[in-house]
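Peer 1: My questions will all concern the structure given below.
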Amino acid sequence: MSKQSFIIDTDADFDDLIAIYWLQKQKDVDIKLITFAGNGWTSPEPGLRNLLNSLAYFGCDDIPVASGAQVILSATHTLPQSTTALADELWGIDIPNSDNKPLEIGAPEAICQTLHAATEPVKILAIGPLTNIAMAIVQSPGIIKKISGIYLTGGNPNQSISESSYVGNERYDIVATRIVYNSGIPICSVPSPTCKPFPVRDPLFDCLHTEELRDAEKYISLLFKHPQEIEENRELYMWDILTAFVAYHERKHTKGIQEQVDIHEAAKHKSELIYEHKTGHTLHMITEIDKQVLVKHFLDTIFEEY
Ligand SMILES: [Ca+2]
């Protein structure tokens, strides 16, 4: 079976962990490397620990992990550090500590090494701020031709340009975002309106009443449930899961509403941020996903052995 090769760059929030679990369960996926971005929705130390412990708990601690960005390339950071507290504590969920350790080298270097060694095109699933990926591109532009596409959470060129209106990861490090968007690598983005509401939660909860779950699946169900309860049933974004789904399926189940946005053309109207692209290559922006396919595939994966 030919496999899809992935590098995942993550900030290890709850939906990242669910997305990673789901993706590594796909039999035709080879996750070559996971890099951690400590400048997103978790703080550097607890976020990395949560990621390493989660991978061990999932039974996939053979995937190399590299620790990465704790700073950003931009002058300003728009994510208040207080927002990371709940994710740092894994939303109150207890899982065992593991001996799983990160690589000796940092994330950008690990990305470069992995890509240079790859004999086939590699997809990047970017579900955190883009700092690690941008630093890798700057460090070794030769990696660009090894990347078949970057699938990222956020990135809506039709949004208002003000920083505060951005809800995607691109706002956390705008300089890094510019580097990634200007690299010429094909980009597929999943902007916020696509992901809400996330349709899997209720069917999953229904299954919890009827199925005897093992530890990893219980943990996944708690990752769905705890943040929701803590946030008093506010409909939380399950954004990174959708990005993983889109990356895996190569945009197949997007109901034909996928748009091709010419970034260069958009620049004329939106003036800054990601739209200063000079080569005019296109960004695929996913505006709707076939939710029936998503739910079925998601539940089939989670419950395949029941
Ligand atoms: Ca994330």
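Residue numbering restarts at 1 in every chain; chains get A, B, ... in the order shown in the structure tokens, and ligands count up from 1 in that same order.
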Please write out the residues within 8 Å of ligand 1 as a VMD selection string, counting only C-alpha atoms and all ligand atoms.

Peer 2: chain A and resid 10 to 16 40 to 41 127 to 129 153 169 239 to 240

Peer 1: If you keep C-alpha atoms, can you produce a file of those selected residues as an mmCIF file, in the first residue's frame?

Peer 2:
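Ended up saving to part-v1.cif:
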data_model
loop_
_atom_site.group_PDB
_atom_site.id
_atom_site.type_symbol
_atom_site.label_atom_id
_atom_site.label_comp_id
_atom_site.auth_asym_id
_atom_site.auth_seq_id
_atom_site.Cartn_x
_atom_site.Cartn_y
_atom_site.Cartn_z
ATOM 1 C CA THR A 10 0.977 21.305 16.344
ATOM 2 C CA ASP A 11 0.417 23.450 19.409
ATOM 3 C CA ALA A 12 -1.075 20.459 21.250
ATOM 4 C CA ASP A 13 -4.495 21.753 22.213
ATOM 5 C CA PHE A 14 -7.329 19.255 22.627
ATOM 6 C CA ASP A 15 -8.439 19.268 19.001
ATOM 7 C CA ASP A 16 -4.842 18.830 17.856
ATOM 8 C CA GLY A 40 0.152 28.755 20.323
ATOM 9 C CA TRP A 41 -2.634 27.469 22.531
ATOM 10 C CA ILE A 127 -2.383 22.994 13.128
ATOM 11 C CA GLY A 128 -0.474 25.521 15.194
ATOM 12 C CA PRO A 129 1.199 28.869 14.531
ATOM 13 C CA THR A 153 -6.036 25.794 10.127
ATOM 14 C CA ASN A 169 -3.391 30.430 13.673
ATOM 15 C CA TRP A 239 -10.946 23.087 13.851
ATOM 16 C CA ASP A 240 -7.767 21.053 13.608
#

Peer 1: For Gly149 in chain A, list every protein, DNA or RNA residue within 7 Å, evaluated using only C-alpha atoms, and leave out those in the same chain fewer than 2 positions away; present the list as a list of chain:residue names.

Peer 2: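 Here the qualifying residues turn out to be A:Lys123, A:Ile124, A:Ile147, A:Tyr151, A:Ile185, A:Pro186, A:Ile187.
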
Peer 1: Could the residues in this selection be written to a file with C-alpha atoms, as a PDB file, in the first residue's frame?

Peer 2:
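Saved to out-v4.pdb:
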ATOM      1  CA  LYS A 123       2.275  16.854   3.234  1.00  0.00           C
ATOM      2  CA  ILE A 124       2.482  19.241   6.140  1.00  0.00           C
ATOM      3  CA  ILE A 147       6.454  19.550   0.283  1.00  0.00           C
ATOM      4  CA  TYR A 151      -2.863  22.138   5.022  1.00  0.00           C
ATOM      5  CA  ILE A 185       4.191  25.827  -1.625  1.00  0.00           C
ATOM      6  CA  PRO A 186       0.577  24.896  -2.489  1.00  0.00           C
ATOM      7  CA  ILE A 187      -1.612  25.855   0.436  1.00  0.00           C
TER       8      ILE A 187
END

Peer 1: Using only C-alpha atoms for the distances, tell me which of A:Gly92, A:Pro108, A:Pro46, A:Pro191 is nearest to Asp9 in chain A.

Peer 2: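 For Asp9 in chain A, the nearest of the candidates is A:Pro108.
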
Peer 1: As JSON, numbers by chain, please: every residue in range 17-158 of chain A that DSSP puts in strand (DSSP E or B).

Peer 2: {"A": [29, 30, 31, 32, 33, 34, 35, 36, 65, 66, 67, 122, 123, 124, 125, 126, 127, 147, 148, 149, 150, 151, 152, 153]}

Peer 1: Kindly give the distance, in Å, that separates CA of Tyr21 in chain A and CA of Gly47 in chain A, rounded to a single decimal.

Peer 2: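 Separation between CA of Tyr21 in chain A and CA of Gly47 in chain A: 16.1 Å.
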
Peer 1: When distances are computed from only C-alpha atoms, which of A:Ala37, A:Leu86, A:Ile31, A:Leu115 shows the smallest separation from Tyr248 in chain A?

Peer 2: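 Nearest candidate to Tyr248 in chain A out of A:Ala37, A:Leu86, A:Ile31, A:Leu115: A:Ile31.
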
Peer 1: Counting only C-alpha atoms, which of A:Asp88, A:Ala107, A:Asn97, A:Val295 gets nearest to Ile7 in chain A?

Peer 2: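 Between A:Asp88, A:Ala107, A:Asn97, A:Val295, the residue approaching Ile7 in chain A most closely is A:Ala107.
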
Peer 1: Please list as a ChimeraX atom specification every residue within 7 Å of Ile8 in chain A, counting only C-alpha atoms and excluding residues in the same chain fewer than 3 positions away.

Peer 2: /A:33-35,124-126

Peer 1: Just give me the gap between CA of Leu213 in chain A and CA of Asp61 in chain A in Å, one decimal is fine.

Peer 2: 20.8 Å
